[in-house]
Amino acid sequence: MTVTTITDAELAPKDYASDQEVRWCAGCGDYAILKAVQKALAELGARRERTVFVSGIGCAARFPYYLSTYGFHTIHGRAPTIATGIKLANPELDVWVITGDGDGLSIGGNHMLHVLRRNVDLQILLFNNEIYGLTKGQYSPTSRRGTRSPSTPQGSIENPVSPCAFALGAGGRFVARAVDTQQAEMVALLRRAHAHRGASFVEVFQNCVVFNDGVFDSFTAKDVAPAAQLHVEHGKPLLFGQNKERGLRLKPGTLALEAVPVGEGRAPLDEILVHDETNRTLAQLLVGLEPPEFPVALGVLYCSPANSYEAEVYAQARAAGLGRDAPDLGTLLARDGTWTVE
Amino acid sequence: MATSTPPRTRQARESVVIRFAGDSGDGMQVTGSRFTVEAALAGNDLTTFPDFPAEIRAPAGTTYGVSAFQIHFGGVDVTTPGDAVDVLVAMNPAALKVDLKDLRLGGTIVVDTGAFTERNLTKAGFPANPIEDGSLAPYQVLTIDITRLTAEAVKALGLSTREAHRCRNMWALGLMLWMYGRDRQVTTDWLRRKFADRPELAQANVAALNAGHAFGETAEMSEHLVGYTVPRAPVEPGRYRAVSGTEAIAWGLIAGMRGAGIQRMIFAGYPITPASLLLHTLANLKSHGVITFQAEDEIAAIGAAIGAAYAGALGVTSSSGPGVALKTEMLGLAIATELPIVLVDAQRAGPSTGMPTKAEQSDLFQAVHGRNADAPLAVLAAATASDCFEVAIEAVRIATKYMTPVILLSDAYLAHAAEPWRLPDPAGLPRFPVHFRTDPAGFHPFQRDPVTLARAWAVPGTPELEHRIGGLEKDYETGHISYDPDNHARMTRTRAAKIAGIANDIPPQRPALGDDHGAVAVVGWGSTYGAIHQAVRDAREDGLDVSHLHLRYLNPFPSNLGDLLKRFDRVLVPEMNNGQLLQLLRAAYLVPAEGLSKVEGKPFKVAEIVQAIESTPR
């Protein structure tokens with residue numbers, strides 16, 4: 001194989017779009033995510049020939065067809081396995097995994113666990129719409145209790161899984177959250193995810209206009225957003241609200257957070273926790289916050305880099321002789337003792 | 001070494017079958033393997049058959065904990081582990097109980113009387129001690145207190161009773177090496193290497209080995225303790241080694257990777273008996289360009305192999321029947337995306353978990369047909385341990401040339417069985433360099449080679465060939481998603497024609513033995529090769545007009561197979577399943593083939609096949 005090095009002219013977001021017509025429902029959150037990804041790729045100066053998008057099955061999984069990079073639309077839940085194989089074969093490739101709540105946490109939950117645990121260098125974007133869209137609206141593993149759907153006419157009686165809590169529990173070393181409609185924040189977040197070596201897990205709250213419209217309104221609707229969203233930043237106090245007038249602090253004597261008013265006559269600023277994205281315990285507290293008592297934490301909740309899986313695989317393999325002149329096949333076949341018949 | 005008696009005259013034997021049988025903790029596999037090496041080094045042809053329980057350490061002394069290793073060695077062409085055992089080494093009553101039925105009348109039994117305690121006899125289900133009650137009268141019984149003699153031999157080394165007890169297998173090996181006049185030096189060296197960290201254990205094992213040997217040399221116990229000579233086999237000159245099917249597949253895959261000019265093999269597996277050995281073997285061959293990956297499950301393993309193939313490596317995965325079932329959907333993806341992977345299926349008795357350590361050939365239907373929709377792929381089967389090498393190379397050739405998954409069928413027997421192998425000249429191995437697409441002019445991912453119908457292999461990293469593939473149906477002309485009915489029909493037929501066309505690129509079927517026409521064709525595939533071959537040889541010596549056809553290519557079949565079968569009056573298909581090749585042959589060629597089914601988790605005996613050849617057709 002010959003790889004020609006070409007100097008890319010600067011590419012615009014539209015240069016990352018394929019010639020295929022996008023076929024999501026009008027108003028689907030996926031459009032916004034596609035736009036943010038194309039913008040992030042342009043800002044990153046991503047080389048199309050070195051970039052691979054791998055998806056499973058579901059509405060989100062059509063994503064690769066709409067990008068001008070390499071793409072592999074695989075089977076339900078299994079994108080992390082294919083992506084792992086790609087990285088093992090060629091660690092130089094920049095590989096993104098596109099999945100959804102059903103694809104990544106139901107049928108593919110096991111693979112998600114292991115790809116995070118191993119820390120394969122991938123960007124994993126999980127579009128969470130709390131519903132199975134492509135199969136017409138059944139409840140998903142992230143659907144809240146009581147969700148009425150064709151398969152749960154009396155409401156779901158299952159407890160939902162929290163994607164980011166799952167990712168942290170699996171040993172993920174980059175865990176972040178975004179909202180489909182917040183373009184600027186999402187582009188910045190995708191760039192962070194891309195810069196992280198190892199598995200970067202990004203949950204995107206994505207509105208399904210057809211089967212689950214407004215499911216995230218309790219924290220994404222314009223009127224409530226400032227008070228219901230906490231945009232975390234490393235080294236900055238955990239403040240939220242229209243004028244950052246509320247903050248999070250440790251409830252004295254417990255391992256729990258509390259949301260308090262901040263300022264004169266209220267909680268002093270120095271009692272408010274400062275975000276430390278390398279602190280796993282803090283991240284675990286943040287992913288569990290839910291309205292109405294708490295805001296939803298968005299941004300990079302946890303980032304603590306370590307060697308990627310494939311880097312260690314190749315380090316071991318090189319130590320065992322990979323990359324030096326491969327030994328002669330005859331030497332291999334003849335080891336462990338031979339005899340000669342004259 | 002002082003000998004108290006003059007060397008007795010040895011008797012000549014053309015070939016001999018020994019079975020070492022004992023508790024799964026008694027080290028019978030090691031004992032058998034060491035005897036194998038010494039016999040091979042002495043120039044014998046041989047075949048081995050390890051037979052061990054699925055339980056790692058079943059309760060000691062029970063019949064279900066018996067582990068056995070059979071070796072058939074001789075100065076003739078040896079193709080099977082042997083129908084009947086000449087010498088049974090029984091390290092405890094349970095081993096005698098389980099394995100006596102395979103000993104020929106008049107055969108020799110070596111028993112460790114030290115293990116024939118009341119407790120062990122009860123556990124094995126003997127109401128009385130068979131050594132004393134006359135029930136072994138049809139055999140020649142050598143009763144030796146191996147337990148005590150071993151303890152005495154290693155006494156000076158201060159081992160624990162347990163450690164001393166564990167040297168019994170070397171004592172038994174020493175005696176058998178004496179009995180057949182085989183050397184001990186290579187095993188002595190091996191013991192010193194194996195126990196390099198515990199020199200006292202090395203010394204103890206060597207002492208036990210030597211004591212067993214000396215016992216044969218000096219004992220004046222009975223007319224039954226006789227030494228034998230077994231001549232060298234008339235084999236082709238060359239350099240040889242002992243090889244198991246697993247090793248041969250591992251090396252064949254590497255040779256195939258080199259033949260294809262591919263830099264890297266990604267081998268992904270999930271632990272499953274009896275396929276895990278291949279993962280273990282390849283994990284030690286990184287310097288040859290192999291990266292191994294123990295995946296979280298069977299699906300992830302084949303997923304990684306497909307991802308690796310997509311990225312331009314040789315993607316390989318391996319499993320056994322139940323694991324292959326889990327990989328089924330992924331095989332469909334590899335067929336739809338037309339990516340080259342090799343799946344090695346070490347078949348075992350089923351359905352479901354079945355009998356994990358016992359061989360069967362019952363995944364043939366699964367390999368050929370076991371997927372949703374019309375999903376053809378290539379299926380090959382290896383016949384012998386050394387054949388595994390060539391078949392693995394051929395699997396890589398077909399996968400990469402035709403951009404298709406290939407299933408290579410082996411089984412629990414081939415995975416473990418060992419035989420001498422004449423080393424091939426690496427310079428003479430097949431070369432079939434792949435051509436990764438680099439030219440963007442007019443490219444789309446499903447453009448096909450007009451002859452092979454294979455699509456181009458365009459890998460990420462190649463500028464201007466960026467494209468999208470997936471499980472959705474693709475347009476024949478553009479490679480984009482298509483739900484067009486005519487296009488789907490065309491693509492379905494094209495996928496079928498691509499696989500069918502492989503028949504033009506493989507050797508025509510030739511008899512392995514006998515003429516290409518006649519009264520009876522015995523048609524086999526896989527590890528039944530040795531038994532069928534010997535049976536056909538025996539029947540021909542009896543004057544029967546019979547030929548042996550052995551199929552390496554099970555999908556597609558060689559192009560001349562139908563014509564060839566029709567040139568025989570009878571077609572007999574022995575296989576270790578309930579008639580799977582039988583049905584495929586009948587369906588493909590409308591021939592009135594007869595089946596000979598064996599589903600006992602054990603290989604065919606030669607006599608069983610001879611009997612079927614000689615019987616009048618139904």
# chains A, B, ... in the order shown; residues from 1 in each chain; ligands from 1
>>> select_by_dssp(residues="region 75-303 of chain B", states="alpha helix (DSSP H)", output="ChimeraX atom specification")
/B:93-99,118-124,146-154,161-165,168-179,185-194,199-218,245-260,276-283,298-303
>>> write_last_selection(atoms="C-alpha atoms", output="mmCIF file, in the first residue's frame")
data_model
loop_
_atom_site.group_PDB
_atom_site.id
_atom_site.type_symbol
_atom_site.label_atom_id
_atom_site.label_comp_id
_atom_site.auth_asym_id
_atom_site.auth_seq_id
_atom_site.Cartn_x
_atom_site.Cartn_y
_atom_site.Cartn_z
ATOM 1 C CA PRO B 93 -8.619 -48.386 38.471
ATOM 2 C CA ALA B 94 -10.800 -45.750 36.798
ATOM 3 C CA ALA B 95 -8.462 -45.661 33.805
ATOM 4 C CA LEU B 96 -8.649 -49.435 33.520
ATOM 5 C CA LYS B 97 -12.423 -49.280 33.789
ATOM 6 C CA VAL B 98 -12.791 -46.659 31.050
ATOM 7 C CA ASP B 99 -10.141 -47.777 28.606
ATOM 8 C CA GLU B 118 -9.998 -50.232 47.975
ATOM 9 C CA ARG B 119 -11.050 -46.611 47.858
ATOM 10 C CA ASN B 120 -9.976 -46.180 44.225
ATOM 11 C CA LEU B 121 -11.590 -49.467 43.235
ATOM 12 C CA THR B 122 -14.863 -48.353 44.776
ATOM 13 C CA LYS B 123 -14.694 -44.960 43.073
ATOM 14 C CA ALA B 124 -14.122 -46.666 39.730
ATOM 15 C CA ILE B 146 4.753 -47.915 40.219
ATOM 16 C CA THR B 147 3.721 -45.704 43.124
ATOM 17 C CA ARG B 148 6.174 -47.378 45.498
ATOM 18 C CA LEU B 149 8.968 -47.754 42.955
ATOM 19 C CA THR B 150 8.686 -44.081 42.041
ATOM 20 C CA ALA B 151 8.775 -43.067 45.691
ATOM 21 C CA GLU B 152 11.936 -45.098 46.159
ATOM 22 C CA ALA B 153 13.559 -43.673 43.047
ATOM 23 C CA VAL B 154 13.080 -40.068 44.174
ATOM 24 C CA THR B 161 4.794 -37.230 49.132
ATOM 25 C CA ARG B 162 2.556 -35.379 46.727
ATOM 26 C CA GLU B 163 5.436 -34.164 44.578
ATOM 27 C CA ALA B 164 7.029 -37.595 44.562
ATOM 28 C CA HIS B 165 3.692 -39.110 43.551
ATOM 29 C CA ARG B 168 4.852 -41.660 38.508
ATOM 30 C CA ASN B 169 4.096 -40.728 34.921
ATOM 31 C CA MET B 170 7.801 -40.400 34.142
ATOM 32 C CA TRP B 171 8.427 -43.829 35.668
ATOM 33 C CA ALA B 172 5.754 -45.293 33.381
ATOM 34 C CA LEU B 173 7.206 -43.413 30.427
ATOM 35 C CA GLY B 174 10.664 -44.780 31.220
ATOM 36 C CA LEU B 175 9.320 -48.318 31.170
ATOM 37 C CA MET B 176 7.534 -47.821 27.849
ATOM 38 C CA LEU B 177 10.590 -46.210 26.278
ATOM 39 C CA TRP B 178 12.552 -49.263 27.360
ATOM 40 C CA MET B 179 9.881 -51.593 26.015
ATOM 41 C CA GLN B 185 17.919 -38.126 26.196
ATOM 42 C CA VAL B 186 15.597 -35.589 24.582
ATOM 43 C CA THR B 187 13.043 -36.069 27.344
ATOM 44 C CA THR B 188 15.746 -35.765 29.993
ATOM 45 C CA ASP B 189 16.867 -32.471 28.445
ATOM 46 C CA TRP B 190 13.271 -31.325 28.229
ATOM 47 C CA LEU B 191 12.661 -32.096 31.917
ATOM 48 C CA ARG B 192 15.749 -30.111 32.891
ATOM 49 C CA ARG B 193 14.485 -27.145 30.877
ATOM 50 C CA LYS B 194 10.907 -27.450 32.118
ATOM 51 C CA PRO B 199 16.225 -28.447 39.972
ATOM 52 C CA GLU B 200 15.097 -30.992 42.571
ATOM 53 C CA LEU B 201 11.916 -31.635 40.567
ATOM 54 C CA ALA B 202 13.942 -31.979 37.377
ATOM 55 C CA GLN B 203 16.215 -34.482 39.110
ATOM 56 C CA ALA B 204 13.285 -36.392 40.557
ATOM 57 C CA ASN B 205 11.523 -36.701 37.218
ATOM 58 C CA VAL B 206 14.706 -37.789 35.497
ATOM 59 C CA ALA B 207 15.332 -40.291 38.304
ATOM 60 C CA ALA B 208 11.818 -41.713 37.896
ATOM 61 C CA LEU B 209 12.256 -41.886 34.122
ATOM 62 C CA ASN B 210 15.545 -43.738 34.519
ATOM 63 C CA ALA B 211 14.119 -46.034 37.194
ATOM 64 C CA GLY B 212 11.245 -47.081 34.957
ATOM 65 C CA HIS B 213 13.709 -47.763 32.162
ATOM 66 C CA ALA B 214 16.046 -49.706 34.432
ATOM 67 C CA PHE B 215 13.145 -51.752 35.704
ATOM 68 C CA GLY B 216 12.487 -53.004 32.176
ATOM 69 C CA GLU B 217 16.157 -53.645 31.658
ATOM 70 C CA THR B 218 16.652 -55.640 34.841
ATOM 71 C CA GLY B 245 -3.181 -29.097 13.752
ATOM 72 C CA THR B 246 -3.287 -25.954 15.847
ATOM 73 C CA GLU B 247 0.370 -25.165 15.255
ATOM 74 C CA ALA B 248 0.049 -25.900 11.561
ATOM 75 C CA ILE B 249 -2.909 -23.529 11.224
ATOM 76 C CA ALA B 250 -1.039 -20.774 13.086
ATOM 77 C CA TRP B 251 1.986 -21.099 10.824
ATOM 78 C CA GLY B 252 -0.148 -21.494 7.724
ATOM 79 C CA LEU B 253 -1.923 -18.232 8.497
ATOM 80 C CA ILE B 254 1.451 -16.510 8.809
ATOM 81 C CA ALA B 255 2.629 -18.100 5.566
ATOM 82 C CA GLY B 256 -0.640 -16.976 3.972
ATOM 83 C CA MET B 257 -0.173 -13.421 5.200
ATOM 84 C CA ARG B 258 3.282 -13.408 3.653
ATOM 85 C CA GLY B 259 2.008 -14.985 0.455
ATOM 86 C CA ALA B 260 -0.527 -12.174 0.211
ATOM 87 C CA SER B 276 -8.261 -21.272 22.377
ATOM 88 C CA LEU B 277 -5.011 -23.055 21.580
ATOM 89 C CA LEU B 278 -4.774 -21.104 18.344
ATOM 90 C CA LEU B 279 -5.007 -17.809 20.244
ATOM 91 C CA HIS B 280 -2.305 -19.012 22.637
ATOM 92 C CA THR B 281 -0.049 -20.126 19.801
ATOM 93 C CA LEU B 282 -0.352 -16.894 17.818
ATOM 94 C CA ALA B 283 0.061 -14.741 20.944
ATOM 95 C CA GLU B 298 -17.268 -14.030 20.159
ATOM 96 C CA ILE B 299 -19.037 -11.214 18.359
ATOM 97 C CA ALA B 300 -16.390 -8.686 19.315
ATOM 98 C CA ALA B 301 -13.690 -11.082 18.146
ATOM 99 C CA ILE B 302 -15.048 -11.358 14.624
ATOM 100 C CA GLY B 303 -15.918 -7.640 14.690
#
>>> select_by_dssp(residues="region 535-606 of chain B", states="strand (DSSP E)", output="PyMOL selection string")
chain B and resi 546-551+553-555+568-575+594-597
>>> write_last_selection(atoms="N, CA and C atoms", output="tab-separated table (two decimals), in the first residue's frame")
chain	number	residue	atom	x	y	z
B	546	VAL	N	-12.38	-50.00	-4.86
B	546	VAL	CA	-12.85	-48.88	-4.04
B	546	VAL	C	-11.82	-47.75	-4.08
B	547	SER	N	-12.32	-46.52	-4.06
B	547	SER	CA	-11.44	-45.34	-4.08
B	547	SER	C	-11.77	-44.43	-2.91
B	548	HIS	N	-10.78	-43.64	-2.54
B	548	HIS	CA	-10.98	-42.65	-1.47
B	548	HIS	C	-10.94	-41.25	-2.08
B	549	LEU	N	-12.03	-40.51	-1.94
B	549	LEU	CA	-12.05	-39.10	-2.33
B	549	LEU	C	-12.13	-38.29	-1.04
B	550	HIS	N	-11.26	-37.31	-0.90
B	550	HIS	CA	-11.31	-36.50	0.32
B	550	HIS	C	-11.41	-35.04	-0.06
B	551	LEU	N	-12.47	-34.38	0.40
B	551	LEU	CA	-12.77	-33.02	-0.04
B	551	LEU	C	-12.12	-31.98	0.86
B	553	TYR	N	-12.39	-28.73	-0.38
B	553	TYR	CA	-13.26	-27.60	-0.73
B	553	TYR	C	-14.71	-28.02	-0.57
B	554	LEU	N	-15.38	-27.42	0.41
B	554	LEU	CA	-16.77	-27.81	0.71
B	554	LEU	C	-17.76	-26.77	0.21
B	555	ASN	N	-17.31	-25.57	-0.04
B	555	ASN	CA	-18.11	-24.57	-0.73
B	555	ASN	C	-17.18	-23.54	-1.37
B	568	PHE	N	-18.91	-43.73	-10.13
B	568	PHE	CA	-18.86	-44.85	-9.17
B	568	PHE	C	-20.25	-45.44	-8.98
B	569	ASP	N	-20.29	-46.76	-8.76
B	569	ASP	CA	-21.58	-47.41	-8.55
B	569	ASP	C	-22.17	-47.03	-7.20
B	570	ARG	N	-21.28	-46.95	-6.23
B	570	ARG	CA	-21.73	-46.60	-4.88
B	570	ARG	C	-20.93	-45.43	-4.36
B	571	VAL	N	-21.59	-44.54	-3.65
B	571	VAL	CA	-20.88	-43.44	-2.99
B	571	VAL	C	-21.18	-43.56	-1.50
B	572	LEU	N	-20.13	-43.77	-0.73
B	572	LEU	CA	-20.29	-43.95	0.71
B	572	LEU	C	-19.65	-42.73	1.40
B	573	VAL	N	-20.40	-42.10	2.30
B	573	VAL	CA	-19.93	-40.85	2.91
B	573	VAL	C	-19.84	-41.02	4.43
B	574	PRO	N	-18.67	-41.44	4.94
B	574	PRO	CA	-18.50	-41.52	6.39
B	574	PRO	C	-18.23	-40.13	6.94
B	575	GLU	N	-18.92	-39.75	7.97
B	575	GLU	CA	-18.63	-38.45	8.60
B	575	GLU	C	-19.12	-38.46	10.04
B	594	GLU	N	-24.74	-42.88	0.12
B	594	GLU	CA	-25.12	-43.49	1.39
B	594	GLU	C	-24.26	-42.88	2.50
B	595	GLY	N	-24.85	-42.71	3.65
B	595	GLY	CA	-24.10	-42.14	4.76
B	595	GLY	C	-23.56	-43.21	5.69
B	596	LEU	N	-22.49	-42.85	6.38
B	596	LEU	CA	-22.00	-43.67	7.49
B	596	LEU	C	-21.71	-42.67	8.61
B	597	SER	N	-22.60	-42.68	9.58
B	597	SER	CA	-22.56	-41.63	10.59
B	597	SER	C	-21.93	-42.15	11.87
>>> residues_around(residues="Ile131 (chain A)", least_positions_apart="2", cutoff="9 Å", atoms="only C-alpha atoms", output="PyMOL selection string")
chain A and resi 101-102+128-129+133+136-143+149+208+211-212
>>> residues_around(residues="region 266-281 of chain A", least_positions_apart="2", cutoff="8 Å", atoms="only C-alpha atoms", output="mmCIF file with C-alpha atoms, in the first residue's frame")
data_model
loop_
_atom_site.group_PDB
_atom_site.id
_atom_site.type_symbol
_atom_site.label_atom_id
_atom_site.label_comp_id
_atom_site.auth_asym_id
_atom_site.auth_seq_id
_atom_site.Cartn_x
_atom_site.Cartn_y
_atom_site.Cartn_z
ATOM 1 C CA LEU A 168 -17.296 6.299 34.359
ATOM 2 C CA VAL A 232 -18.523 22.804 33.895
ATOM 3 C CA GLU A 233 -15.063 24.148 33.200
ATOM 4 C CA HIS A 234 -11.839 22.830 34.630
ATOM 5 C CA GLY A 235 -10.536 25.117 37.395
ATOM 6 C CA LYS A 236 -13.724 27.182 37.588
ATOM 7 C CA PRO A 237 -16.315 27.135 40.371
ATOM 8 C CA LEU A 238 -19.430 25.062 39.706
ATOM 9 C CA LEU A 239 -21.859 27.952 39.224
ATOM 10 C CA GLY A 247 -23.514 26.940 42.971
ATOM 11 C CA LEU A 248 -22.710 23.437 44.141
ATOM 12 C CA ARG A 249 -21.009 22.622 47.386
ATOM 13 C CA LEU A 250 -20.464 19.511 49.461
ATOM 14 C CA VAL A 260 -27.120 26.740 47.079
ATOM 15 C CA PRO A 261 -27.554 30.453 46.328
ATOM 16 C CA VAL A 262 -24.197 32.219 46.189
ATOM 17 C CA GLY A 263 -23.308 35.761 47.160
ATOM 18 C CA GLU A 264 -23.766 38.304 49.899
ATOM 19 C CA ALA A 283 -17.351 13.383 38.128
ATOM 20 C CA GLN A 284 -19.413 10.598 39.641
ATOM 21 C CA LEU A 285 -21.314 13.138 41.734
ATOM 22 C CA VAL A 300 -16.088 17.772 30.154
ATOM 23 C CA LEU A 301 -17.055 16.027 33.380
ATOM 24 C CA TYR A 302 -13.969 13.853 33.565
ATOM 25 C CA CYS A 303 -10.662 13.800 31.727
ATOM 26 C CA SER A 304 -7.687 11.864 32.987
#
>>> closest_residue(among="B:Ala308, B:Ala531, B:Cys167, B:Val523", to="chain A", atoms="only C-alpha atoms")
B:Ala308
>>> atom_distance(atom1="CA of Glu600 (chain B)", atom2="CA of Ala382 (chain B)")
20.4 Å
>>> closest_atom_pairs(of="region 177-239 of chain A", to="region 36-40 of chain A", cutoff="8 Å", atoms="only C-alpha atoms", output="Markdown table")
| residue | atom | partner | partner_atom | distance |
| --- | --- | --- | --- | --- |
| A:Gln183 | CA | A:Ala36 | CA | 6.0 |
| A:Ala184 | CA | A:Ala36 | CA | 7.9 |
| A:Met186 | CA | A:Ala36 | CA | 6.5 |
| A:Val187 | CA | A:Ala40 | CA | 5.2 |
| A:Ala188 | CA | A:Ala40 | CA | 7.5 |
| A:Leu190 | CA | A:Ala40 | CA | 6.5 |
| A:Arg191 | CA | A:Ala40 | CA | 6.2 |
>>> closest_atom_pairs(of="region 231-274 of chain B", to="region 89-94 of chain A", cutoff="8 Å", atoms="only C-alpha atoms", output="Markdown table")
| residue | atom | partner | partner_atom | distance |
| --- | --- | --- | --- | --- |
| B:Arg264 | CA | A:Ala89 | CA | 7.1 |
| B:Met265 | CA | A:Ala89 | CA | 7.9 |
| B:Ile266 | CA | A:Ala89 | CA | 6.6 |
>>> closest_residue(among="B:Ile306, B:Ala503, B:Ile262, B:Val17", to="Ala83 (chain A)", atoms="only C-alpha atoms")
B:Ile306
>>> residues_around(residues="Leu11 (chain A)", least_positions_apart="3", cutoff="8 Å", atoms="only C-alpha atoms", output="PyMOL selection string")
chain A and resi 8+14-16+42+45
>>> write_last_selection(atoms="C-alpha atoms", output="mmCIF file, in the first residue's frame")
data_model
loop_
_atom_site.group_PDB
_atom_site.id
_atom_site.type_symbol
_atom_site.label_atom_id
_atom_site.label_comp_id
_atom_site.auth_asym_id
_atom_site.auth_seq_id
_atom_site.Cartn_x
_atom_site.Cartn_y
_atom_site.Cartn_z
ATOM 1 C CA ASP A 8 -4.637 19.616 2.282
ATOM 2 C CA LYS A 14 -19.110 21.571 3.812
ATOM 3 C CA ASP A 15 -16.072 19.705 2.491
ATOM 4 C CA TYR A 16 -16.778 17.005 5.053
ATOM 5 C CA ALA A 42 -12.849 21.590 9.707
ATOM 6 C CA GLY A 45 -8.035 20.273 9.929
#
>>> closest_residue(among="A:Glu49, A:Asp336, A:Glu21, A:Glu10", to="chain B", atoms="only C-alpha atoms")
A:Glu49
>>> residues_around(residues="region 50-61 of chain A", least_positions_apart="4", cutoff="7 Å", atoms="only C-alpha atoms", output="ChimeraX atom specification")
/A:30,69-79,83,93-100,103,127,133-134 /B:460-461
>>> residues_around(residues="Glu342 (chain A)", least_positions_apart="5", cutoff="10 Å", atoms="only C-alpha atoms", output="JSON, numbers by chain")
{"B": [235, 236, 237, 238, 239]}
>>> atom_distance(atom1="CA of Thr317 (chain B)", atom2="CA of Glu466 (chain B)")
26.6 Å
